[in-house]
>>> print(open('coords-v4.cif').read())   # mmCIF, C-alpha atoms
data_start
#
loop_
_atom_site.label_atom_id
_atom_site.label_comp_id
_atom_site.auth_asym_id
_atom_site.auth_seq_id
_atom_site.Cartn_x
_atom_site.Cartn_y
_atom_site.Cartn_z
CA MET A 1 -29.96 13.46 28.50
CA LYS A 2 -28.62 13.94 24.99
CA ASN A 3 -26.76 10.85 23.79
CA LEU A 4 -23.33 11.99 22.65
CA ARG A 5 -22.25 9.36 20.14
CA LYS A 6 -18.55 9.77 19.66
CA LEU A 7 -15.35 7.84 19.26
CA LEU A 8 -12.85 8.00 22.07
CA LEU A 9 -9.15 8.09 21.25
CA THR A 10 -6.23 7.81 23.62
CA THR A 11 -3.10 9.37 22.20
CA SER A 12 0.51 9.79 23.25
CA LEU A 13 3.35 11.62 21.52
CA VAL A 14 6.88 10.53 22.26
CA SER A 15 10.19 11.50 20.68
CA LEU A 16 12.00 8.23 21.31
CA VAL A 17 10.61 4.72 21.10
CA ALA A 18 12.18 1.47 22.10
CA ALA A 19 10.18 -0.96 20.00
CA PRO A 20 9.06 -1.03 16.38
CA VAL A 21 5.60 0.37 15.69
CA PHE A 22 4.16 1.56 12.44
CA ALA A 23 2.08 3.95 10.38
CA GLY A 24 -0.12 2.83 7.54
CA GLY A 25 -0.72 -0.89 7.56
CA PRO A 26 0.50 -4.29 6.40
CA LEU A 27 -0.92 -6.05 3.38
CA TYR A 28 -1.18 -9.24 5.46
CA LEU A 29 -0.71 -10.07 9.12
CA ASN A 30 1.84 -12.66 10.22
CA PHE A 31 1.47 -13.63 13.86
CA ASN A 32 4.81 -15.44 13.71
CA ASP A 33 6.46 -12.04 13.25
CA PRO A 34 7.25 -10.13 16.47
CA ASP A 35 5.29 -7.15 15.16
CA ASN A 36 2.62 -9.17 13.29
CA LEU A 37 3.95 -7.87 9.96
CA THR A 38 4.27 -9.88 6.76
CA ARG A 39 7.62 -8.68 5.46
CA TRP A 40 10.47 -10.03 3.38
CA PRO A 41 13.36 -11.60 5.32
CA ALA A 42 16.77 -10.16 6.20
CA GLY A 43 15.54 -6.59 6.34
CA GLY A 44 14.18 -6.90 2.82
CA ALA A 45 17.60 -7.55 1.28
CA ASN A 46 17.45 -8.51 -2.41
CA ILE A 47 13.69 -8.88 -2.83
CA PRO A 48 13.48 -10.81 -6.14
CA TRP A 49 11.70 -9.89 -9.35
CA ASN A 50 11.60 -11.37 -12.85
CA PRO A 51 10.52 -9.02 -15.66
CA ASP A 52 8.33 -10.06 -18.57
CA LEU A 53 9.81 -10.00 -22.08
CA GLY A 54 7.15 -7.67 -23.47
CA GLY A 55 6.30 -4.17 -22.41
CA LEU A 56 5.77 -0.66 -23.69
CA PRO A 57 9.18 1.06 -24.00
CA GLY A 58 9.58 3.90 -21.54
CA VAL A 59 6.10 3.36 -20.10
CA MET A 60 6.10 -0.21 -18.81
CA ASP A 61 9.22 -2.30 -19.25
CA ALA A 62 12.14 -3.71 -17.28
CA ALA A 63 13.70 -0.26 -17.00
CA THR A 64 10.59 1.40 -15.54
CA VAL A 65 10.17 -1.51 -13.13
CA ALA A 66 13.77 -1.14 -11.95
CA ALA A 67 13.20 2.59 -11.51
CA GLY A 68 9.98 1.96 -9.60
CA PHE A 69 11.68 -0.41 -7.19
CA LEU A 70 14.52 2.10 -6.81
CA VAL A 71 12.02 4.65 -5.48
CA TRP A 72 11.44 2.34 -2.52
CA GLU A 73 15.06 1.27 -2.22
CA SER A 74 16.11 4.92 -1.97
CA VAL A 75 14.25 5.53 1.29
CA PRO A 76 17.17 6.45 3.57
CA THR A 77 15.53 5.18 6.76
CA ALA A 78 14.86 1.68 5.35
CA THR A 79 17.07 -1.26 4.40
CA ALA A 80 15.11 -3.11 1.69
CA THR A 81 16.72 -3.69 -1.72
CA TYR A 82 15.50 -5.37 -4.90
CA SER A 83 17.15 -7.84 -7.27
CA ASN A 84 16.37 -8.45 -10.94
CA ASN A 85 16.78 -12.23 -11.02
CA GLY A 86 16.44 -12.53 -14.78
CA ALA A 87 13.69 -12.21 -17.35
CA LEU A 88 10.91 -14.72 -17.83
CA VAL A 89 11.49 -17.28 -20.58
CA ALA A 90 8.55 -16.10 -22.69
CA ASN A 91 6.46 -13.02 -23.35
CA ILE A 92 3.34 -13.37 -21.19
CA ASP A 93 0.02 -12.50 -22.84
CA SER A 94 -3.64 -13.50 -22.69
CA THR A 95 -2.94 -16.85 -24.39
CA ASN A 96 -0.34 -18.18 -21.97
CA PHE A 97 -0.54 -16.38 -18.62
CA CYS A 98 -2.23 -19.40 -17.04
CA SER A 99 0.31 -21.92 -18.36
CA PRO A 100 3.34 -23.12 -16.37
CA PRO A 101 6.85 -22.40 -17.70
CA PRO A 102 7.81 -22.37 -20.53
CA PHE A 103 4.41 -20.64 -20.90
CA ALA A 104 3.04 -22.39 -23.97
CA PRO A 105 -0.45 -21.17 -24.97
CA GLY A 106 -3.16 -22.94 -23.03
CA PRO A 107 -6.62 -22.65 -21.46
CA ILE A 108 -7.55 -19.81 -19.13
CA ALA A 109 -9.14 -20.94 -15.88
CA ILE A 110 -8.78 -20.17 -12.19
CA PRO A 111 -8.11 -22.50 -10.36
CA GLY A 112 -5.55 -23.91 -12.74
CA CYS A 113 -3.84 -20.63 -13.61
CA HIS A 114 -0.16 -21.10 -12.84
CA LEU A 115 0.94 -17.52 -12.15
CA LEU A 116 -2.21 -16.62 -10.20
CA ASP A 117 -3.29 -19.74 -8.32
CA ASN A 118 -1.36 -18.75 -5.20
CA LEU A 119 -2.85 -15.27 -5.14
CA PHE A 120 -6.39 -15.92 -6.36
CA ALA A 121 -7.07 -19.58 -5.54
CA GLY A 122 -5.23 -20.06 -2.25
CA ALA A 123 -2.59 -22.44 -3.59
CA SER A 124 0.94 -22.63 -2.17
CA ILE A 125 3.18 -23.54 -5.08
CA SER A 126 6.75 -22.37 -5.60
CA ASP A 127 8.28 -22.09 -9.06
CA GLY A 128 11.27 -19.93 -8.14
CA LEU A 129 9.82 -16.94 -9.99
CA SER A 130 8.55 -13.53 -8.93
CA PRO A 131 7.09 -12.33 -12.24
CA ILE A 132 6.32 -8.76 -13.21
CA VAL A 133 3.87 -9.29 -16.08
CA PHE A 134 3.41 -6.61 -18.74
CA ASP A 135 -0.10 -6.76 -20.20
CA ASP A 136 0.69 -4.67 -23.26
CA ASP A 137 -2.84 -4.53 -24.67
CA GLY A 138 -4.94 -5.07 -21.54
CA SER A 139 -6.31 -8.42 -22.70
CA ILE A 140 -5.18 -10.27 -19.56
CA PHE A 141 -7.01 -7.78 -17.35
CA VAL A 142 -10.15 -8.09 -19.47
CA ALA A 143 -9.95 -11.88 -19.16
CA LEU A 144 -9.60 -11.61 -15.38
CA PHE A 145 -11.88 -8.70 -14.49
CA GLY A 146 -13.81 -7.66 -17.58
CA PRO A 147 -13.92 -3.91 -18.37
CA SER A 148 -12.89 -2.87 -14.87
CA GLY A 149 -10.51 0.07 -14.90
CA VAL A 150 -8.01 -1.97 -12.85
CA LEU A 151 -4.50 -0.67 -13.58
CA GLY A 152 -2.46 -3.30 -11.78
CA PHE A 153 -2.11 -5.64 -8.84
CA ALA A 154 0.79 -7.07 -6.84
CA SER A 155 1.45 -9.11 -3.73
CA PRO A 156 3.75 -11.64 -2.16
CA ASP A 157 2.24 -14.98 -3.19
CA PHE A 158 4.41 -17.76 -1.76
CA PHE A 159 5.54 -17.91 1.86
CA ASP A 160 7.77 -20.14 3.97
CA GLY A 161 6.43 -22.16 6.90
CA SER A 162 6.63 -19.09 9.15
CA GLY A 163 4.63 -16.86 6.83
CA VAL A 164 7.64 -14.95 5.47
CA PRO A 165 7.45 -14.01 1.77
CA VAL A 166 9.63 -15.98 -0.63
CA GLU A 167 8.08 -15.09 -4.01
CA ALA A 168 5.71 -12.43 -5.30
CA VAL A 169 3.80 -11.47 -8.43
CA SER A 170 2.67 -8.29 -10.17
CA PHE A 171 0.53 -7.71 -13.26
CA LEU A 172 0.56 -4.26 -14.90
CA ASN A 173 -2.20 -3.15 -17.27
CA GLY A 174 -0.32 -1.34 -20.01
CA GLY A 175 -3.43 -1.55 -22.17
CA ALA A 176 -4.96 1.19 -20.04
CA THR A 177 -2.26 3.68 -21.09
CA VAL A 178 -2.22 5.90 -24.15
CA SER A 179 0.70 3.89 -25.55
CA GLY A 180 -1.27 0.69 -25.02
CA GLY A 181 -4.40 1.97 -26.74
CA GLY A 182 -6.16 3.31 -23.64
CA SER A 183 -6.60 6.77 -22.18
CA TYR A 184 -4.58 6.76 -18.95
CA PRO A 185 -1.60 9.14 -19.29
CA ASP A 186 1.70 7.38 -19.92
CA ALA A 187 3.54 9.66 -17.49
CA ASP A 188 1.20 8.80 -14.61
CA PHE A 189 1.52 5.06 -15.14
CA TYR A 190 4.92 5.18 -13.48
CA GLY A 191 3.11 6.06 -10.24
CA VAL A 192 0.93 2.99 -10.71
CA GLN A 193 4.06 0.85 -10.80
CA VAL A 194 5.50 2.47 -7.68
CA HIS A 195 2.16 1.85 -5.94
CA GLU A 196 2.08 -1.82 -6.94
CA PHE A 197 5.63 -2.35 -5.77
CA GLY A 198 4.54 -1.06 -2.38
CA HIS A 199 2.08 -3.96 -2.26
CA TYR A 200 4.84 -6.25 -3.53
CA SER A 201 6.90 -5.15 -0.52
CA GLY A 202 4.05 -5.83 1.92
CA MET A 203 2.21 -2.51 2.18
CA ALA A 204 -1.56 -1.98 2.19
CA HIS A 205 -3.72 0.92 1.01
CA THR A 206 -3.96 4.11 3.07
CA VAL A 207 -6.05 7.29 3.07
CA THR A 208 -4.44 10.57 4.16
CA ASN A 209 -4.84 13.28 1.49
CA GLY A 210 -6.35 11.24 -1.32
CA GLN A 211 -9.98 11.66 -0.35
CA ASN A 212 -9.56 15.41 -0.03
CA ILE A 213 -7.99 15.67 -3.48
CA GLY A 214 -9.92 13.01 -5.35
CA LEU A 215 -13.32 13.01 -3.67
CA ALA A 216 -13.58 16.58 -2.31
CA ASP A 217 -13.68 15.30 1.26
CA ALA A 218 -12.91 17.92 3.90
CA SER A 219 -9.42 17.93 5.37
CA GLY A 220 -11.14 17.05 8.59
CA PRO A 221 -12.77 16.44 10.75
CA SER A 222 -15.73 16.64 8.37
CA PRO A 223 -17.62 18.82 7.75
CA ASN A 224 -14.81 21.15 8.80
CA ASN A 225 -12.15 21.84 6.21
CA THR A 226 -9.71 22.73 8.97
CA TYR A 227 -6.57 22.90 6.84
CA GLY A 228 -8.13 23.84 3.51
CA ASN A 229 -7.46 21.63 0.52
CA ALA A 230 -4.31 19.64 -0.12
CA PRO A 231 -2.11 20.48 -3.11
CA ALA A 232 -3.08 18.36 -6.10
CA ASP A 233 0.28 16.55 -6.11
CA GLN A 234 0.08 15.35 -2.50
CA VAL A 235 -1.87 12.13 -3.06
CA GLU A 236 -0.25 9.35 -1.05
CA THR A 237 1.34 6.64 -3.19
CA MET A 238 -0.66 3.88 -1.49
CA TYR A 239 -4.04 5.58 -1.93
CA PRO A 240 -6.24 2.92 -3.59
CA PHE A 241 -7.02 5.07 -6.63
CA ALA A 242 -4.66 6.53 -9.22
CA ILE A 243 -5.26 10.26 -9.63
CA THR A 244 -3.84 11.98 -12.70
CA GLY A 245 -1.20 14.48 -11.62
CA GLY A 246 -1.46 13.28 -8.03
CA GLY A 247 2.27 12.84 -7.48
CA GLN A 248 1.92 9.17 -6.60
CA SER A 249 5.31 8.23 -8.02
CA THR A 250 6.86 10.22 -5.15
CA LEU A 251 6.71 8.65 -1.70
CA HIS A 252 5.10 10.64 1.09
CA LEU A 253 5.42 10.42 4.86
CA ASP A 254 2.53 7.96 4.89
CA GLU A 255 4.59 5.42 2.94
CA ILE A 256 8.03 6.30 4.25
CA GLY A 257 7.05 5.87 7.89
CA PHE A 258 5.48 2.44 7.49
CA TYR A 259 8.06 1.14 4.99
CA SER A 260 10.81 2.18 7.39
CA THR A 261 8.99 0.37 10.18
CA MET A 262 8.86 -2.84 8.17
CA TYR A 263 12.52 -2.58 7.12
CA PRO A 264 14.07 -0.14 9.61
CA ALA A 265 17.53 1.28 9.11
CA PRO A 266 19.60 1.88 12.25
CA GLY A 267 18.47 5.03 14.02
CA PHE A 268 15.03 5.27 12.39
CA PHE A 269 13.01 4.81 15.57
CA ALA A 270 15.33 6.86 17.77
CA GLY A 271 15.37 9.70 15.27
CA SER A 272 11.64 10.15 14.82
CA ALA A 273 8.52 10.70 16.90
CA THR A 274 5.59 8.35 17.36
CA VAL A 275 1.88 8.87 17.87
CA SER A 276 -0.05 5.89 19.20
CA GLY A 277 -3.39 5.19 20.80
CA SER A 278 -6.65 3.29 20.60
CA VAL A 279 -10.11 3.88 19.16
CA PHE A 280 -13.10 2.94 21.31
CA ALA A 281 -16.83 2.70 20.71
CA PRO A 282 -19.15 5.30 22.28
CA ASN A 283 -19.25 3.22 25.48
CA GLY A 284 -15.58 4.01 26.00
CA VAL A 285 -14.78 0.34 26.55
CA THR A 286 -15.15 -1.62 23.32
CA PRO A 287 -12.14 -1.21 21.00
CA LEU A 288 -13.07 -0.53 17.39
CA THR A 289 -11.12 -1.96 14.47
CA GLY A 290 -11.54 -0.40 11.03
CA VAL A 291 -11.49 3.32 11.85
CA ASN A 292 -9.17 5.51 9.79
CA VAL A 293 -7.05 7.83 11.94
CA ILE A 294 -5.08 10.73 10.45
CA ALA A 295 -2.26 12.73 12.05
CA ARG A 296 -1.37 16.15 10.60
CA ASN A 297 1.43 18.52 11.59
CA VAL A 298 -0.36 21.82 12.19
CA ALA A 299 2.54 23.66 10.50
CA ASP A 300 2.68 21.37 7.44
CA PRO A 301 -0.63 19.49 7.39
CA PHE A 302 -0.46 17.77 4.00
CA VAL A 303 3.25 16.93 3.69
CA ASP A 304 3.90 15.95 7.31
CA ALA A 305 0.79 13.80 7.55
CA THR A 306 0.07 10.11 7.85
CA SER A 307 -2.74 7.69 8.60
CA ALA A 308 -3.53 4.23 9.94
CA ILE A 309 -6.63 2.08 10.26
CA SER A 310 -7.25 1.06 13.86
CA GLY A 311 -6.52 -2.60 14.51
CA ASP A 312 -4.53 -2.97 11.31
CA ARG A 313 -1.76 -4.79 13.16
CA GLY A 314 -4.04 -7.34 14.75
CA VAL A 315 -4.61 -5.61 18.12
CA PRO A 316 -8.24 -4.41 18.26
CA GLY A 317 -8.60 -0.64 18.20
CA GLU A 318 -4.91 0.20 18.26
CA TYR A 319 -3.14 2.54 15.84
CA THR A 320 0.43 3.81 15.64
CA PHE A 321 2.29 6.30 13.46
CA ASN A 322 6.07 6.37 13.12
CA GLY A 323 8.46 8.71 11.36
CA LEU A 324 6.92 11.94 12.63
CA THR A 325 8.85 15.13 13.33
CA PRO A 326 10.16 15.28 16.92
CA GLY A 327 8.78 18.26 18.82
CA ALA A 328 6.12 19.13 16.23
CA ASP A 329 2.45 19.64 17.08
CA TYR A 330 0.00 17.23 15.44
CA THR A 331 -3.75 17.01 15.34
CA VAL A 332 -5.20 13.50 15.29
CA HIS A 333 -8.68 12.87 13.94
CA VAL A 334 -10.91 9.97 13.01
CA ASP A 335 -11.91 9.92 9.36
CA GLN A 336 -14.64 8.09 7.48
CA ILE A 337 -13.18 6.16 4.54
CA LEU A 338 -15.39 6.80 1.52
CA GLN A 339 -14.15 4.36 -1.12
CA GLY A 340 -11.52 1.71 -1.78
CA GLY A 341 -10.41 -1.75 -0.79
CA PHE A 342 -8.35 -2.21 2.37
CA SER A 343 -6.63 -5.06 4.16
CA THR A 344 -8.35 -3.97 7.38
CA THR A 345 -12.05 -3.60 6.61
CA PRO A 346 -13.25 -0.03 7.28
CA ILE A 347 -16.37 0.48 9.39
CA ALA A 348 -18.97 3.24 9.41
CA LEU A 349 -18.25 5.71 12.19
CA PRO A 350 -20.87 5.54 14.96
CA GLY A 351 -20.70 9.30 15.32
CA PRO A 352 -19.19 12.43 13.75
CA GLU A 353 -15.56 12.80 12.82
CA GLU A 354 -13.62 14.43 15.65
CA PHE A 355 -10.07 15.50 16.35
CA TRP A 356 -7.70 16.13 19.21
#
>>> encode(input="coords-v4.cif", output="structure tokens")
Amino acid sequence: MKNLRKLLLTTSLVSLVAAPVFAGGPLYLNFNDPDNLTRWPAGGANIPWNPDLGGLPGVMDAATVAAGFLVWESVPTATATYSNNGALVANIDSTNFCSPPPFAPGPIAIPGCHLLDNLFAGASISDGLSPIVFDDDGSIFVALFGPSGVLGFASPDFFDGSGVPVEAVSFLNGGATVSGGGSYPDADFYGVQVHEFGHYSGMAHTVTNGQNIGLADASGPSPNNTYGNAPADQVETMYPFAITGGGQSTLHLDEIGFYSTMYPAPGFFAGSATVSGSVFAPNGVTPLTGVNVIARNVADPFVDATSAISGDRGVPGEYTFNGLTPGADYTVHVDQILQGGFSTTPIALPGPEEFW
């Protein structure tokens, strides 16, 4: 008998849900949270940030940061807001980014790097700051990563005893931009900031349209290009790679659905549809974590589309999408992630991509 190696999905579409579920995935899990999500307290009210004193005017400065946070704050189905809690006391650069306030020049070493020990060395130290660091010439990123092409990073980095974020940090590589002496277009760097502030808010990377646009992957299930190719400006904001002209400064359903699940406004769940299910191994019994699952509205397959990695909320094999259009028809297919770093480690599919 021919061995049919395939993934088995169970899927349900409902118009009303009674409990929070989500699309996309969390940056970290918090099993003290009722939904296992690491999210800022009080519905994300007044998430703090402290801008650097440097910057590249109009490309990377306090004004562009405020605008980037406003993109998230403007999601009508979410409650999170952001608060500029005052600038840092010094301009952070490659000579002082490892020093504690007041940031006098000092040695560079991790562990022992004040602003990064929580994130990179596993420390748990509070200084009352949530810095947004502007690396004007890219020298901090070179010191950290060498010639890497990394455009930025961000994350909550200090948590209370229940795992709830209290402080965060973001470093932005302005040296990669044309204004900073690099080659990355200034206009597209705004999308980098919006992306990083998604991480800052607790969101992980996702893959919905990005592989189709950036890596010529079929719209699925491969090798079938069922829906053709996505418009060039429909790259999801939280795709792990910045694509020039990809429209990543504009939030897509992929981000809106999960962000609204983390910080839901009244009526969000009742007013949208949900797709949920599980991914199993070929034996039909063993749940598989690490499989990308994409849902596409057959009438609007690249705009009304979202994804999740199975098990990304800590329950093996399970996936859920929120924020979908009630009454619409969706295809759901498993998708092999080709590149990128993810909070839930992707696995190689044990069989071909398939959809339902």
>>> atom_distance(input="coords-v4.cif", atom1="CA of Asn84 (chain A)", atom2="CA of Phe134 (chain A)")
15.2 Å
>>> residues_around(input="coords-v4.cif", residues="Asp160 (chain A)", least_positions_apart="4", cutoff="12 Å", atoms="all atoms listed in the file", output="NGL selection string")
:A and (30 or 32 or 38-41 or 124-126 or 156 or 164-167)
>>> resolve_selection(input="coords-v4.cif", expression="the PyMOL selection byres ((chain A and resi 110-113) around 9)", output="PyMOL selection string")
chain A and resi 97-100+107-109+114-118+120-123
>>> resolve_selection(input="coords-v4.cif", expression="the PyMOL selection byres ((chain A and resi 333) around 6)", output="PyMOL selection string")
chain A and resi 293-294+332+334+354-355
>>> resolve_selection(input="coords-v4.cif", expression="the PyMOL selection byres ((chain A and resi 80) around 8)", output="JSON, numbers by chain")
{"A": [43, 44, 45, 46, 47, 72, 73, 78, 79, 81, 82, 263]}
>>> write_last_selection(input="coords-v4.cif", atoms="C-alpha atoms", output="short mmCIF file (atom, residue, chain, number, x, y, z; two decimals), keeping the file's coordinate frame")
data_model
loop_
_atom_site.label_atom_id
_atom_site.label_comp_id
_atom_site.auth_asym_id
_atom_site.auth_seq_id
_atom_site.Cartn_x
_atom_site.Cartn_y
_atom_site.Cartn_z
CA GLY A 43 15.54 -6.59 6.34
CA GLY A 44 14.18 -6.90 2.82
CA ALA A 45 17.60 -7.55 1.28
CA ASN A 46 17.45 -8.51 -2.41
CA ILE A 47 13.69 -8.88 -2.83
CA TRP A 72 11.44 2.34 -2.52
CA GLU A 73 15.06 1.27 -2.22
CA ALA A 78 14.86 1.68 5.35
CA THR A 79 17.07 -1.26 4.40
CA THR A 81 16.72 -3.69 -1.72
CA TYR A 82 15.50 -5.37 -4.90
CA TYR A 263 12.52 -2.58 7.12
#
>>> atom_distance(input="coords-v4.cif", atom1="CA of Glu236 (chain A)", atom2="CA of His252 (chain A)")
5.9 Å
>>> atom_distance(input="coords-v4.cif", atom1="CA of Gly202 (chain A)", atom2="CA of Pro131 (chain A)")
15.9 Å
>>> closest_residue(input="coords-v4.cif", among="A:Ile213, A:Ser272, A:Ile309, A:Gly152", to="Glu196 (chain A)", atoms="all atoms listed in the file")
A:Gly152
>>> residues_near_point(input="coords-v4.cif", point="(-7.4, -4.6, 10.1)", cutoff="12 Å", atoms="all atoms listed in the file", output="mmCIF file with C-alpha atoms, in the coordinates of the input")
data_model
loop_
_atom_site.group_PDB
_atom_site.id
_atom_site.type_symbol
_atom_site.label_atom_id
_atom_site.label_comp_id
_atom_site.auth_asym_id
_atom_site.auth_seq_id
_atom_site.Cartn_x
_atom_site.Cartn_y
_atom_site.Cartn_z
ATOM 1 C CA GLY A 24 -0.120 2.830 7.540
ATOM 2 C CA GLY A 25 -0.720 -0.890 7.560
ATOM 3 C CA PRO A 26 0.500 -4.290 6.400
ATOM 4 C CA LEU A 27 -0.920 -6.050 3.380
ATOM 5 C CA TYR A 28 -1.180 -9.240 5.460
ATOM 6 C CA LEU A 29 -0.710 -10.070 9.120
ATOM 7 C CA ASN A 36 2.620 -9.170 13.290
ATOM 8 C CA LEU A 37 3.950 -7.870 9.960
ATOM 9 C CA ALA A 204 -1.560 -1.980 2.190
ATOM 10 C CA HIS A 205 -3.720 0.920 1.010
ATOM 11 C CA THR A 206 -3.960 4.110 3.070
ATOM 12 C CA LEU A 288 -13.070 -0.530 17.390
ATOM 13 C CA THR A 289 -11.120 -1.960 14.470
ATOM 14 C CA GLY A 290 -11.540 -0.400 11.030
ATOM 15 C CA VAL A 291 -11.490 3.320 11.850
ATOM 16 C CA ASN A 292 -9.170 5.510 9.790
ATOM 17 C CA ALA A 308 -3.530 4.230 9.940
ATOM 18 C CA ILE A 309 -6.630 2.080 10.260
ATOM 19 C CA SER A 310 -7.250 1.060 13.860
ATOM 20 C CA GLY A 311 -6.520 -2.600 14.510
ATOM 21 C CA ASP A 312 -4.530 -2.970 11.310
ATOM 22 C CA ARG A 313 -1.760 -4.790 13.160
ATOM 23 C CA GLY A 314 -4.040 -7.340 14.750
ATOM 24 C CA VAL A 315 -4.610 -5.610 18.120
ATOM 25 C CA PRO A 316 -8.240 -4.410 18.260
ATOM 26 C CA GLY A 317 -8.600 -0.640 18.200
ATOM 27 C CA GLU A 318 -4.910 0.200 18.260
ATOM 28 C CA TYR A 319 -3.140 2.540 15.840
ATOM 29 C CA GLY A 341 -10.410 -1.750 -0.790
ATOM 30 C CA PHE A 342 -8.350 -2.210 2.370
ATOM 31 C CA SER A 343 -6.630 -5.060 4.160
ATOM 32 C CA THR A 344 -8.350 -3.970 7.380
ATOM 33 C CA THR A 345 -12.050 -3.600 6.610
ATOM 34 C CA PRO A 346 -13.250 -0.030 7.280
ATOM 35 C CA ILE A 347 -16.370 0.480 9.390
#
